[in-house]
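Visitor: So I've got this file, structure_0.cif, and it contains mmCIF, C-alpha atoms and all ligand atoms:
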data_work
loop_
_atom_site.group_PDB
_atom_site.id
_atom_site.type_symbol
_atom_site.label_atom_id
_atom_site.label_comp_id
_atom_site.auth_asym_id
_atom_site.auth_seq_id
_atom_site.Cartn_x
_atom_site.Cartn_y
_atom_site.Cartn_z
ATOM 1 C CA MET A 1 0.000 0.000 0.000
ATOM 2 C CA THR A 2 1.367 3.463 -0.905
ATOM 3 C CA LYS A 3 2.010 6.039 1.824
ATOM 4 C CA ALA A 4 -0.767 8.277 0.490
ATOM 5 C CA TYR A 5 -3.298 5.430 0.498
ATOM 6 C CA LYS A 6 -2.300 4.430 3.999
ATOM 7 C CA ARG A 7 -2.857 7.958 5.270
ATOM 8 C CA LEU A 8 -6.204 8.093 3.511
ATOM 9 C CA THR A 9 -7.260 4.770 4.999
ATOM 10 C CA ILE A 10 -6.295 5.944 8.474
ATOM 11 C CA ALA A 11 -8.333 9.129 7.969
ATOM 12 C CA TYR A 12 -11.297 7.062 6.749
ATOM 13 C CA GLU A 13 -11.140 4.678 9.730
ATOM 14 C CA SER A 14 -10.940 7.677 12.048
ATOM 15 C CA PHE A 15 -14.034 9.208 10.377
ATOM 16 C CA LYS A 16 -15.946 5.901 10.533
ATOM 17 C CA LYS A 17 -15.393 5.580 14.268
ATOM 18 C CA LYS A 18 -17.009 8.973 14.843
ATOM 19 C CA ILE A 19 -19.712 9.343 12.201
ATOM 20 C CA ASP A 20 -22.256 6.968 10.709
ATOM 21 C CA PHE A 21 -23.442 8.775 7.591
ATOM 22 C CA GLN A 22 -23.355 7.972 3.892
ATOM 23 C CA PRO A 23 -23.461 11.072 1.679
ATOM 24 C CA ARG A 24 -24.613 10.983 -1.916
ATOM 25 C CA ALA A 25 -23.249 14.407 -2.812
ATOM 26 C CA ALA A 26 -20.157 16.250 -1.613
ATOM 27 C CA LEU A 27 -20.050 20.041 -1.556
ATOM 28 C CA VAL A 28 -16.938 22.176 -1.141
ATOM 29 C CA LEU A 29 -17.598 25.750 -0.014
ATOM 30 C CA GLY A 30 -15.191 28.477 -1.113
ATOM 31 C CA SER A 31 -14.027 31.703 0.546
ATOM 32 C CA GLY A 32 -16.877 33.636 2.135
ATOM 33 C CA LEU A 33 -19.421 30.964 1.152
ATOM 34 C CA GLY A 34 -19.023 28.790 4.238
ATOM 35 C CA ASP A 35 -22.203 29.980 5.948
ATOM 36 C CA TYR A 36 -24.242 27.822 3.603
ATOM 37 C CA ALA A 37 -23.452 24.784 5.715
ATOM 38 C CA GLU A 38 -25.250 26.291 8.701
ATOM 39 C CA GLY A 39 -28.533 26.514 6.800
ATOM 40 C CA ILE A 40 -28.881 22.836 5.884
ATOM 41 C CA LYS A 41 -30.628 20.154 7.926
ATOM 42 C CA ILE A 42 -27.575 19.179 9.973
ATOM 43 C CA GLU A 43 -27.180 15.626 11.274
ATOM 44 C CA ALA A 44 -23.590 15.823 12.497
ATOM 45 C CA THR A 45 -20.391 17.849 12.238
ATOM 46 C CA LEU A 46 -16.772 16.772 12.458
ATOM 47 C CA ASP A 47 -13.853 19.177 12.880
ATOM 48 C CA TYR A 48 -10.962 18.386 10.552
ATOM 49 C CA GLY A 49 -8.674 18.368 13.593
ATOM 50 C CA GLN A 50 -10.542 15.340 14.936
ATOM 51 C CA ILE A 51 -9.645 13.213 11.923
ATOM 52 C CA GLN A 52 -6.349 11.416 12.132
ATOM 53 C CA GLY A 53 -3.935 12.445 9.393
ATOM 54 C CA PHE A 54 -6.138 15.269 8.113
ATOM 55 C CA PRO A 55 -4.524 18.540 6.937
ATOM 56 C CA VAL A 56 -6.099 21.513 8.751
ATOM 57 C CA SER A 57 -6.703 24.880 6.995
ATOM 58 C CA THR A 58 -5.356 28.131 8.387
ATOM 59 C CA VAL A 59 -7.020 30.805 6.205
ATOM 60 C CA SER A 60 -9.364 33.323 7.829
ATOM 61 C CA GLY A 61 -12.865 33.021 6.392
ATOM 62 C CA HIS A 62 -12.410 29.252 6.107
ATOM 63 C CA LYS A 63 -13.836 27.130 8.877
ATOM 64 C CA GLY A 64 -12.387 23.685 9.135
ATOM 65 C CA ARG A 65 -15.027 21.028 9.439
ATOM 66 C CA PHE A 66 -17.270 18.563 7.644
ATOM 67 C CA VAL A 67 -20.994 19.127 8.007
ATOM 68 C CA PHE A 68 -23.236 16.111 7.355
ATOM 69 C CA GLY A 69 -26.880 16.608 6.608
ATOM 70 C CA PHE A 70 -29.667 16.806 4.065
ATOM 71 C CA VAL A 71 -30.397 19.267 1.276
ATOM 72 C CA LYS A 72 -33.874 18.697 -0.179
ATOM 73 C CA GLY A 73 -33.682 15.156 1.161
ATOM 74 C CA VAL A 74 -30.329 14.405 -0.485
ATOM 75 C CA PRO A 75 -27.656 13.243 1.971
ATOM 76 C CA VAL A 76 -24.657 15.558 1.667
ATOM 77 C CA VAL A 77 -21.252 16.074 3.177
ATOM 78 C CA VAL A 78 -20.183 19.708 3.111
ATOM 79 C CA MET A 79 -16.618 20.913 3.456
ATOM 80 C CA GLN A 80 -16.818 24.140 5.383
ATOM 81 C CA GLY A 81 -13.328 25.317 4.496
ATOM 82 C CA ARG A 82 -10.846 23.613 2.202
ATOM 83 C CA VAL A 83 -7.111 22.998 2.276
ATOM 84 C CA HIS A 84 -4.960 25.078 -0.091
ATOM 85 C CA TYR A 85 -1.659 24.311 -1.747
ATOM 86 C CA TYR A 86 -0.314 27.758 -0.787
ATOM 87 C CA GLU A 87 -0.625 26.886 2.886
ATOM 88 C CA GLY A 88 2.353 24.632 2.394
ATOM 89 C CA TYR A 89 0.644 21.254 2.118
ATOM 90 C CA SER A 90 1.587 18.769 -0.555
ATOM 91 C CA MET A 91 -0.937 18.242 -3.355
ATOM 92 C CA GLU A 92 -1.564 14.798 -1.942
ATOM 93 C CA GLU A 93 -2.650 16.401 1.334
ATOM 94 C CA VAL A 94 -4.723 19.050 -0.458
ATOM 95 C CA VAL A 95 -6.888 16.420 -2.156
ATOM 96 C CA LEU A 96 -7.115 14.022 0.792
ATOM 97 C CA PRO A 97 -10.493 15.460 1.862
ATOM 98 C CA ILE A 98 -11.915 14.984 -1.653
ATOM 99 C CA ARG A 99 -10.752 11.375 -1.700
ATOM 100 C CA LEU A 100 -12.142 10.863 1.763
ATOM 101 C CA MET A 101 -15.590 12.135 0.722
ATOM 102 C CA LYS A 102 -15.577 9.650 -2.169
ATOM 103 C CA MET A 103 -14.716 6.877 0.284
ATOM 104 C CA MET A 104 -17.620 8.017 2.489
ATOM 105 C CA GLY A 105 -19.862 7.227 -0.475
ATOM 106 C CA ALA A 106 -20.278 10.519 -2.356
ATOM 107 C CA LYS A 107 -20.881 10.038 -6.086
ATOM 108 C CA TYR A 108 -21.355 13.706 -6.918
ATOM 109 C CA LEU A 109 -18.951 16.532 -6.224
ATOM 110 C CA PHE A 110 -20.065 20.166 -6.286
ATOM 111 C CA LEU A 111 -17.062 22.506 -6.154
ATOM 112 C CA THR A 112 -17.384 26.203 -5.363
ATOM 113 C CA ASN A 113 -14.840 28.962 -4.999
ATOM 114 C CA ALA A 114 -14.280 32.684 -5.091
ATOM 115 C CA ALA A 115 -12.312 33.633 -8.185
ATOM 116 C CA GLY A 116 -11.006 36.655 -10.027
ATOM 117 C CA GLY A 117 -12.778 37.500 -13.277
ATOM 118 C CA VAL A 118 -10.445 37.423 -16.273
ATOM 119 C CA ASN A 119 -13.109 37.645 -18.967
ATOM 120 C CA TYR A 120 -13.987 41.300 -19.665
ATOM 121 C CA HIS A 121 -17.664 40.398 -20.038
ATOM 122 C CA PHE A 122 -17.873 39.434 -16.368
ATOM 123 C CA LYS A 123 -18.415 41.686 -13.374
ATOM 124 C CA ALA A 124 -17.837 41.262 -9.645
ATOM 125 C CA GLY A 125 -20.739 39.337 -8.129
ATOM 126 C CA ASP A 126 -21.360 37.168 -11.201
ATOM 127 C CA PHE A 127 -21.508 33.384 -10.985
ATOM 128 C CA MET A 128 -19.541 31.330 -13.476
ATOM 129 C CA MET A 129 -20.240 27.681 -14.094
ATOM 130 C CA ILE A 130 -16.907 25.954 -14.673
ATOM 131 C CA THR A 131 -16.996 24.092 -17.984
ATOM 132 C CA ASP A 132 -13.278 23.262 -18.142
ATOM 133 C CA GLN A 133 -10.056 24.086 -16.365
ATOM 134 C CA ILE A 134 -6.317 24.701 -16.649
ATOM 135 C CA SER A 135 -4.344 23.085 -13.844
ATOM 136 C CA SER A 136 -0.934 23.133 -15.525
ATOM 137 C CA PHE A 137 0.544 25.781 -13.181
ATOM 138 C CA VAL A 138 0.308 23.623 -10.084
ATOM 139 C CA PRO A 139 1.595 20.064 -9.641
ATOM 140 C CA SER A 140 -0.848 17.260 -10.368
ATOM 141 C CA PRO A 141 -2.244 15.631 -7.220
ATOM 142 C CA LEU A 142 -1.739 12.313 -9.034
ATOM 143 C CA ILE A 143 2.068 12.543 -9.034
ATOM 144 C CA GLY A 144 3.638 9.627 -7.175
ATOM 145 C CA PRO A 145 2.746 5.945 -7.190
ATOM 146 C CA ASN A 146 -0.770 5.527 -8.553
ATOM 147 C CA ILE A 147 -3.339 4.494 -5.964
ATOM 148 C CA GLU A 148 -4.871 1.652 -7.951
ATOM 149 C CA GLY A 149 -7.772 1.389 -5.512
ATOM 150 C CA LEU A 150 -8.872 4.887 -6.547
ATOM 151 C CA GLY A 151 -8.309 5.068 -10.282
ATOM 152 C CA GLN A 152 -6.028 4.453 -13.223
ATOM 153 C CA ARG A 153 -2.505 5.749 -13.861
ATOM 154 C CA PHE A 154 -3.358 7.916 -16.873
ATOM 155 C CA PRO A 155 -6.919 9.118 -16.384
ATOM 156 C CA ASP A 156 -8.766 10.846 -19.219
ATOM 157 C CA MET A 157 -9.585 14.527 -18.574
ATOM 158 C CA SER A 158 -11.646 15.255 -21.693
ATOM 159 C CA GLN A 159 -14.806 16.016 -19.704
ATOM 160 C CA ILE A 160 -13.892 16.814 -16.114
ATOM 161 C CA TYR A 161 -17.107 18.752 -15.492
ATOM 162 C CA ASP A 162 -20.042 16.445 -16.146
ATOM 163 C CA LYS A 163 -22.089 17.507 -19.190
ATOM 164 C CA GLU A 164 -25.431 16.511 -17.724
ATOM 165 C CA LEU A 165 -24.706 18.273 -14.443
ATOM 166 C CA CYS A 166 -23.710 21.391 -16.385
ATOM 167 C CA GLN A 167 -27.022 21.316 -18.245
ATOM 168 C CA MET A 168 -28.852 20.770 -14.975
ATOM 169 C CA LEU A 169 -27.087 23.827 -13.490
ATOM 170 C CA ARG A 170 -28.017 25.941 -16.518
ATOM 171 C CA ASP A 171 -31.662 24.907 -16.249
ATOM 172 C CA THR A 172 -31.700 25.428 -12.494
ATOM 173 C CA ALA A 173 -30.176 28.914 -12.753
ATOM 174 C CA ARG A 174 -32.638 29.864 -15.487
ATOM 175 C CA GLY A 175 -35.547 28.644 -13.371
ATOM 176 C CA LEU A 176 -34.364 30.805 -10.483
ATOM 177 C CA GLY A 177 -33.740 33.856 -12.673
ATOM 178 C CA ILE A 178 -30.017 33.772 -11.838
ATOM 179 C CA VAL A 179 -27.534 34.788 -14.536
ATOM 180 C CA LEU A 180 -24.959 32.034 -14.891
ATOM 181 C CA GLN A 181 -21.819 32.819 -16.864
ATOM 182 C CA GLU A 182 -19.740 29.916 -18.148
ATOM 183 C CA GLY A 183 -16.054 29.462 -18.666
ATOM 184 C CA THR A 184 -12.645 27.980 -17.983
ATOM 185 C CA TYR A 185 -11.111 28.200 -14.510
ATOM 186 C CA LEU A 186 -7.349 28.496 -14.215
ATOM 187 C CA GLN A 187 -5.618 27.574 -10.972
ATOM 188 C CA LEU A 188 -2.435 29.358 -9.932
ATOM 189 C CA GLY A 189 -0.473 28.573 -6.801
ATOM 190 C CA GLY A 190 -1.140 31.796 -4.856
ATOM 191 C CA PRO A 191 -1.192 33.053 -2.155
ATOM 192 C CA ASN A 192 -0.312 36.339 -3.830
ATOM 193 C CA PHE A 193 -2.850 37.686 -6.255
ATOM 194 C CA GLU A 194 -1.669 37.895 -9.857
ATOM 195 C CA SER A 195 0.189 40.754 -11.500
ATOM 196 C CA PRO A 196 -1.581 42.477 -14.413
ATOM 197 C CA SER A 197 0.708 40.654 -16.848
ATOM 198 C CA GLU A 198 -0.105 37.307 -15.281
ATOM 199 C CA VAL A 199 -3.811 38.065 -15.650
ATOM 200 C CA LYS A 200 -3.209 38.923 -19.297
ATOM 201 C CA MET A 201 -1.397 35.590 -19.658
ATOM 202 C CA CYS A 202 -4.398 33.788 -18.158
ATOM 203 C CA ARG A 203 -6.683 35.466 -20.688
ATOM 204 C CA ILE A 204 -4.421 34.643 -23.637
ATOM 205 C CA LEU A 205 -4.372 31.014 -22.474
ATOM 206 C CA GLY A 206 -8.151 30.894 -22.592
ATOM 207 C CA ALA A 207 -9.099 31.352 -18.958
ATOM 208 C CA ASP A 208 -12.230 33.212 -17.885
ATOM 209 C CA ALA A 209 -11.544 33.113 -14.157
ATOM 210 C CA VAL A 210 -8.460 32.643 -11.996
ATOM 211 C CA GLY A 211 -8.153 31.229 -8.510
ATOM 212 C CA MET A 212 -6.019 29.283 -6.065
ATOM 213 C CA SER A 213 -7.971 26.049 -5.578
ATOM 214 C CA THR A 214 -10.499 23.709 -7.198
ATOM 215 C CA ALA A 215 -8.711 22.466 -10.353
ATOM 216 C CA CYS A 216 -6.458 20.091 -8.406
ATOM 217 C CA GLU A 217 -9.495 18.802 -6.508
ATOM 218 C CA ALA A 218 -11.337 18.209 -9.767
ATOM 219 C CA VAL A 219 -8.360 16.263 -11.153
ATOM 220 C CA ALA A 220 -8.323 13.988 -8.090
ATOM 221 C CA ALA A 221 -12.103 13.557 -8.184
ATOM 222 C CA ASN A 222 -12.124 12.793 -11.894
ATOM 223 C CA HIS A 223 -9.391 10.210 -11.319
ATOM 224 C CA MET A 224 -11.837 8.471 -8.964
ATOM 225 C CA GLY A 225 -14.749 8.721 -11.382
ATOM 226 C CA MET A 226 -16.845 11.213 -9.435
ATOM 227 C CA ARG A 227 -19.439 13.267 -11.303
ATOM 228 C CA ILE A 228 -18.265 16.847 -10.928
ATOM 229 C CA CYS A 229 -19.753 20.301 -11.329
ATOM 230 C CA GLY A 230 -18.420 23.648 -10.185
ATOM 231 C CA VAL A 231 -19.417 27.276 -9.794
ATOM 232 C CA SER A 232 -17.084 30.222 -9.203
ATOM 233 C CA CYS A 233 -18.295 33.333 -7.489
ATOM 234 C CA ILE A 234 -16.515 36.131 -9.351
ATOM 235 C CA SER A 235 -15.604 38.078 -6.250
ATOM 236 C CA ASN A 236 -13.538 40.701 -8.052
ATOM 237 C CA MET A 237 -12.194 41.470 -11.464
ATOM 238 C CA ALA A 238 -8.620 40.175 -11.614
ATOM 239 C CA CYS A 239 -5.657 42.458 -11.100
ATOM 240 C CA GLY A 240 -5.122 45.191 -13.663
ATOM 241 C CA MET A 241 -8.695 45.082 -14.967
ATOM 242 C CA THR A 242 -9.777 47.897 -12.634
ATOM 243 C CA ASP A 243 -7.818 50.681 -10.886
ATOM 244 C CA GLN A 244 -8.331 49.098 -7.471
ATOM 245 C CA PRO A 245 -5.795 46.989 -5.601
ATOM 246 C CA LEU A 246 -7.175 43.589 -4.478
ATOM 247 C CA SER A 247 -7.752 42.340 -0.970
ATOM 248 C CA HIS A 248 -9.066 39.204 0.673
ATOM 249 C CA GLU A 249 -11.654 41.448 2.398
ATOM 250 C CA GLU A 250 -13.096 42.439 -0.989
ATOM 251 C CA VAL A 251 -13.327 38.752 -1.920
ATOM 252 C CA LYS A 252 -15.258 37.972 1.251
ATOM 253 C CA GLU A 253 -17.498 41.066 0.975
ATOM 254 C CA THR A 254 -18.642 40.185 -2.552
ATOM 255 C CA ALA A 255 -19.209 36.554 -1.600
ATOM 256 C CA ASP A 256 -21.327 37.724 1.368
ATOM 257 C CA ARG A 257 -23.354 40.038 -0.873
ATOM 258 C CA VAL A 258 -24.306 37.324 -3.378
ATOM 259 C CA ALA A 259 -24.587 34.508 -0.833
ATOM 260 C CA PRO A 260 -28.421 34.421 -0.834
ATOM 261 C CA GLN A 261 -28.603 33.748 -4.601
ATOM 262 C CA PHE A 262 -25.723 31.358 -4.344
ATOM 263 C CA LYS A 263 -27.496 29.383 -1.636
ATOM 264 C CA GLN A 264 -30.612 29.108 -3.780
ATOM 265 C CA LEU A 265 -28.619 27.814 -6.723
ATOM 266 C CA ILE A 266 -26.732 25.223 -4.663
ATOM 267 C CA THR A 267 -29.868 24.025 -2.890
ATOM 268 C CA GLU A 268 -31.890 23.562 -6.058
ATOM 269 C CA ALA A 269 -28.965 21.918 -7.866
ATOM 270 C CA ILE A 270 -28.223 19.442 -5.078
ATOM 271 C CA GLY A 271 -31.924 18.602 -4.974
ATOM 272 C CA GLN A 272 -31.469 17.344 -8.551
ATOM 273 C CA MET A 273 -28.723 14.951 -7.467
ATOM 274 C CA ALA A 274 -31.213 12.579 -5.829
HETATM 275 N N1 LIG B 301 -7.056 35.854 -8.118
HETATM 276 C C1 LIG B 301 -6.843 34.630 -7.593
HETATM 277 N N2 LIG B 301 -7.637 34.067 -6.725
HETATM 278 C C2 LIG B 301 -8.740 34.753 -6.352
HETATM 279 C C3 LIG B 301 -9.025 36.019 -6.844
HETATM 280 C C4 LIG B 301 -8.124 36.604 -7.783
HETATM 281 O O1 LIG B 301 -8.317 37.737 -8.273
HETATM 282 N N3 LIG B 301 -10.183 36.418 -6.262
HETATM 283 C C5 LIG B 301 -10.579 35.411 -5.460
HETATM 284 N N4 LIG B 301 -9.708 34.397 -5.506
#
Could you show the structure in this file as structure tokens?

Guide:
Amino acid sequence: MTKAYKRLTIAYESFKKKIDFQPRAALVLGSGLGDYAEGIKIEATLDYGQIQGFPVSTVSGHKGRFVFGFVKGVPVVVMQGRVHYYEGYSMEEVVLPIRLMKMMGAKYLFLTNAAGGVNYHFKAGDFMMITDQISSFVPSPLIGPNIEGLGQRFPDMSQIYDKELCQMLRDTARGLGIVLQEGTYLQLGGPNFESPSEVKMCRILGADAVGMSTACEAVAANHMGMRICGVSCISNMACGMTDQPLSHEEVKETADRVAPQFKQLITEAIGQMA
């Protein structure tokens, strides 16, 4: 057994001893979006620190716990706070929670984040459904011996974000009267925001939004055959696109402002994952 698999197994055993719950869908809440977890029908919570071998997040605005409960009758596990590569963890550690949620039983993965808008047609406060991604600027979480129990050595990435789930999100947003942009998410390492030239590079490469998470998680989840969808909250236009310097406070403020609509969209979408 590889070291990574061993650590994962230990984390899973530790979870199993404490919680008896089988989620169908897994939801990862991004910066400023964590409050959503408090509004669901909660059955149990588990602080990351209580799970053996689990990497614990240090960013303000990110709580560190799993919330287990029901959204429209669908059993869900919610990550209230994620682990970021820029905190100094290895990629293997960053995706351990995603792998763990698959082991708990989750078939669906709903990824959310706050991201900088790179596409000039976007504005702060927009939602962008992620249709594809660029993860080439951070190491793959699959580097190292392949964990055969999870997936194959050279997994296909031609459709990371599930087509049917994307259509379901479009329909759901339309039904709610929510404008849903679409585009490619590019992950950079962070924690610094980009320079104007780096943002220009992102645009030239075909990105519509830039952030510091998510793509690596989607790679690990796709490796395991999870059905994935994702929505970015465009919390700000990326550096150099306005005269304003960026701050984490601005990211959180925008996320707070659009949280009610965001909650509606997530709730209705998860309801479709029954
Ligand atoms: N860049 C990178 N990550 C981000 C941004 C940004 O502008 N906003 C929120 N997360």

Visitor: Given only C-alpha atoms and all ligand atoms, how would the per-residue table for chain A near ligand LIG 301 (chain B) read, listing every residue at most 9 Å away with its closest atom pair and distance in Å to one decimal, sorted by chain and number, as a tab-separated table?

Guide:
residue	atom	partner	partner_atom	distance
A:Ser31	CA	B:LIG301	C5	7.9
A:Asn113	CA	B:LIG301	N4	7.5
A:Ala114	CA	B:LIG301	C5	4.6
A:Ala115	CA	B:LIG301	C5	3.7
A:Gly116	CA	B:LIG301	O1	3.4
A:Gly117	CA	B:LIG301	O1	6.7
A:Val118	CA	B:LIG301	O1	8.3
A:Gln187	CA	B:LIG301	C1	7.9
A:Leu188	CA	B:LIG301	C1	7.3
A:Gly189	CA	B:LIG301	C1	8.8
A:Gly190	CA	B:LIG301	C1	6.9
A:Pro191	CA	B:LIG301	N2	8.0
A:Asn192	CA	B:LIG301	C1	7.7
A:Phe193	CA	B:LIG301	N1	5.0
A:Glu194	CA	B:LIG301	N1	6.0
A:Val199	CA	B:LIG301	N1	8.5
A:Ala209	CA	B:LIG301	N1	8.0
A:Val210	CA	B:LIG301	C1	5.1
A:Gly211	CA	B:LIG301	N2	3.4
A:Met212	CA	B:LIG301	N2	5.1
A:Ser213	CA	B:LIG301	N2	8.1
A:Cys233	CA	B:LIG301	C5	8.2
A:Ile234	CA	B:LIG301	N3	7.1
A:Ser235	CA	B:LIG301	N3	5.7
A:Asn236	CA	B:LIG301	N3	5.7
A:Met237	CA	B:LIG301	O1	6.3
A:Ala238	CA	B:LIG301	O1	4.1
A:Cys239	CA	B:LIG301	O1	6.1
A:Leu246	CA	B:LIG301	O1	7.1
A:Ser247	CA	B:LIG301	N3	8.3
A:His248	CA	B:LIG301	C5	7.4
A:Glu250	CA	B:LIG301	N3	8.5
A:Val251	CA	B:LIG301	C5	5.6
A:Lys252	CA	B:LIG301	C5	8.6

Visitor: Considering all atoms listed in the file, can you say which of A:Gln52, A:Thr172, A:Ser135, A:Gln80 comes closest to Leu8 in chain A?

Guide: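 Closest to Leu8 in chain A of all the choices is A:Gln52.
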
Visitor: Between A:Gly73, A:Gly183, A:Gly34, A:Pro55, which one has atoms that come closest to Gln133 in chain A, using only C-alpha atoms?

Guide: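 With only C-alpha atoms as the atom set, the closest residue is A:Gly183.
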
Visitor: For the file shown, report as a PyMOL selection string the outcome of the PyMOL selection byres (((chain A and resi 139) around 10) and not hetatm) at residue level.

Guide: chain A and resi 85+90-92+135-138+140-143+189+216

Visitor: Output C-alpha atoms for every residue in that selection, as an mmCIF file, in the coordinates of the input.

Guide:
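Written out: again-v2.cif:
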data_model
loop_
_atom_site.group_PDB
_atom_site.id
_atom_site.type_symbol
_atom_site.label_atom_id
_atom_site.label_comp_id
_atom_site.auth_asym_id
_atom_site.auth_seq_id
_atom_site.Cartn_x
_atom_site.Cartn_y
_atom_site.Cartn_z
ATOM 1 C CA TYR A 85 -1.659 24.311 -1.747
ATOM 2 C CA SER A 90 1.587 18.769 -0.555
ATOM 3 C CA MET A 91 -0.937 18.242 -3.355
ATOM 4 C CA GLU A 92 -1.564 14.798 -1.942
ATOM 5 C CA SER A 135 -4.344 23.085 -13.844
ATOM 6 C CA SER A 136 -0.934 23.133 -15.525
ATOM 7 C CA PHE A 137 0.544 25.781 -13.181
ATOM 8 C CA VAL A 138 0.308 23.623 -10.084
ATOM 9 C CA SER A 140 -0.848 17.260 -10.368
ATOM 10 C CA PRO A 141 -2.244 15.631 -7.220
ATOM 11 C CA LEU A 142 -1.739 12.313 -9.034
ATOM 12 C CA ILE A 143 2.068 12.543 -9.034
ATOM 13 C CA GLY A 189 -0.473 28.573 -6.801
ATOM 14 C CA CYS A 216 -6.458 20.091 -8.406
#

Visitor: Could you work out an axis-aligned box for range 24-37 of chain A, taking every atom the file lists and adding 4 Å on each side, and report centre and edge lengths in Å to one decimal, as lines of an AutoDock Vina configuration file?

Guide:
center_x = -19.3
center_y = 22.3
center_z = 1.6
size_x = 18.6
size_y = 30.7
size_z = 16.8

Visitor: Hey, which of A:Ile51, A:Val258, A:Met79, A:Met1 ends up closest to Glu38 in chain A? Count only C-alpha atoms.

Guide: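 Comparing A:Ile51, A:Val258, A:Met79, A:Met1 against Glu38 in chain A, the winner is A:Met79.
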
Visitor: Which is closest to Gly105 in chain A among A:Ala4, A:Ala25, A:Val67, A:Ile270, if we use only C-alpha atoms?

Guide: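 Result for the nearest residue to Gly105 in chain A: A:Ala25.
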
Visitor: Extract, using only C-alpha atoms, all DNA, RNA and protein residues at most 7 Å from Leu33 in chain A, discarding same-chain residues fewer than 3 positions from it, and format them as a PDB file with C-alpha atoms, keeping the file's coordinate frame.

Guide:
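Below is the file that was written, selection_33.pdb:
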ATOM      1  CA  LEU A  29     -17.598  25.750  -0.014  1.00  0.00           C
ATOM      2  CA  GLY A  30     -15.191  28.477  -1.113  1.00  0.00           C
ATOM      3  CA  TYR A  36     -24.242  27.822   3.603  1.00  0.00           C
ATOM      4  CA  ALA A 255     -19.209  36.554  -1.600  1.00  0.00           C
ATOM      5  CA  ALA A 259     -24.587  34.508  -0.833  1.00  0.00           C
TER       6      ALA A 259
END

Visitor: What do you get, as a PyMOL selection string, if you spell out every residue that the PyMOL selection byres (((chain A and resi 154) around 12) and not hetatm) selects here?

Guide: chain A and resi 140+142-143+145-148+151-153+155-157+219-220+222-224

Visitor: Output C-alpha atoms for every residue in that selection, as an mmCIF file, keeping the file's coordinate frame.

Guide:
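After the write, result.cif holds the following:
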data_model
loop_
_atom_site.group_PDB
_atom_site.id
_atom_site.type_symbol
_atom_site.label_atom_id
_atom_site.label_comp_id
_atom_site.auth_asym_id
_atom_site.auth_seq_id
_atom_site.Cartn_x
_atom_site.Cartn_y
_atom_site.Cartn_z
ATOM 1 C CA SER A 140 -0.848 17.260 -10.368
ATOM 2 C CA LEU A 142 -1.739 12.313 -9.034
ATOM 3 C CA ILE A 143 2.068 12.543 -9.034
ATOM 4 C CA PRO A 145 2.746 5.945 -7.190
ATOM 5 C CA ASN A 146 -0.770 5.527 -8.553
ATOM 6 C CA ILE A 147 -3.339 4.494 -5.964
ATOM 7 C CA GLU A 148 -4.871 1.652 -7.951
ATOM 8 C CA GLY A 151 -8.309 5.068 -10.282
ATOM 9 C CA GLN A 152 -6.028 4.453 -13.223
ATOM 10 C CA ARG A 153 -2.505 5.749 -13.861
ATOM 11 C CA PRO A 155 -6.919 9.118 -16.384
ATOM 12 C CA ASP A 156 -8.766 10.846 -19.219
ATOM 13 C CA MET A 157 -9.585 14.527 -18.574
ATOM 14 C CA VAL A 219 -8.360 16.263 -11.153
ATOM 15 C CA ALA A 220 -8.323 13.988 -8.090
ATOM 16 C CA ASN A 222 -12.124 12.793 -11.894
ATOM 17 C CA HIS A 223 -9.391 10.210 -11.319
ATOM 18 C CA MET A 224 -11.837 8.471 -8.964
#

Visitor: One decimal, Å: what's the distance from CA of Leu27 in chain A over to CA of Thr112 in chain A, could you say?

Guide: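 Between CA of Leu27 in chain A and CA of Thr112 in chain A the gap works out to 7.7 Å.
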
Visitor: Suppose you want the space between CA of Ile98 in chain A and CA of Arg170 in chain A; what is it in Å?

Guide: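 So the answer is 24.5 Å.
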
Visitor: Run through the PyMOL selection byres (((chain A and resi 56) around 12) and not hetatm) on the given coordinates and return the selected residues as a ChimeraX atom specification.

Guide: /A:47-55,57-59,62-66,79-85,87-89,93-94,96-97

Visitor: So which one's closest to Ile19 in chain A, A:Phe262, A:Tyr5, A:Phe68, A:Tyr108? Using only C-alpha atoms, please.

Guide: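 Ranking A:Phe262, A:Tyr5, A:Phe68, A:Tyr108 by distance to Ile19 in chain A, first place goes to A:Phe68.
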
Visitor: Which residues are close to Glu164 in chain A, i.e. within 10 Å by only C-alpha atoms, leaving aside same-chain residues fewer than 3 positions away? Reply as a JSON list (two decimals) with C-alpha atoms, in the frame of the given file.

Guide:
[["chain", "number", "residue", "atom", "x", "y", "z"],
["A", 161, "TYR", "CA", -17.11, 18.75, -15.49],
["A", 167, "GLN", "CA", -27.02, 21.32, -18.24],
["A", 168, "MET", "CA", -28.85, 20.77, -14.98],
["A", 169, "LEU", "CA", -27.09, 23.83, -13.49],
["A", 170, "ARG", "CA", -28.02, 25.94, -16.52],
["A", 227, "ARG", "CA", -19.44, 13.27, -11.30],
["A", 228, "ILE", "CA", -18.26, 16.85, -10.93],
["A", 229, "CYS", "CA", -19.75, 20.30, -11.33]]

Visitor: What is the distance between CA of Met226 in chain A and CA of Arg174 in chain A, in Å to one decimal?

Guide: 25.2 Å

Visitor: For a quick check of understanding, using all atoms listed in the file, which of A:Pro23, A:Gly177, A:Gly32, A:Gly39 has the smallest distance to Lys107 in chain A?

Guide: A:Pro23
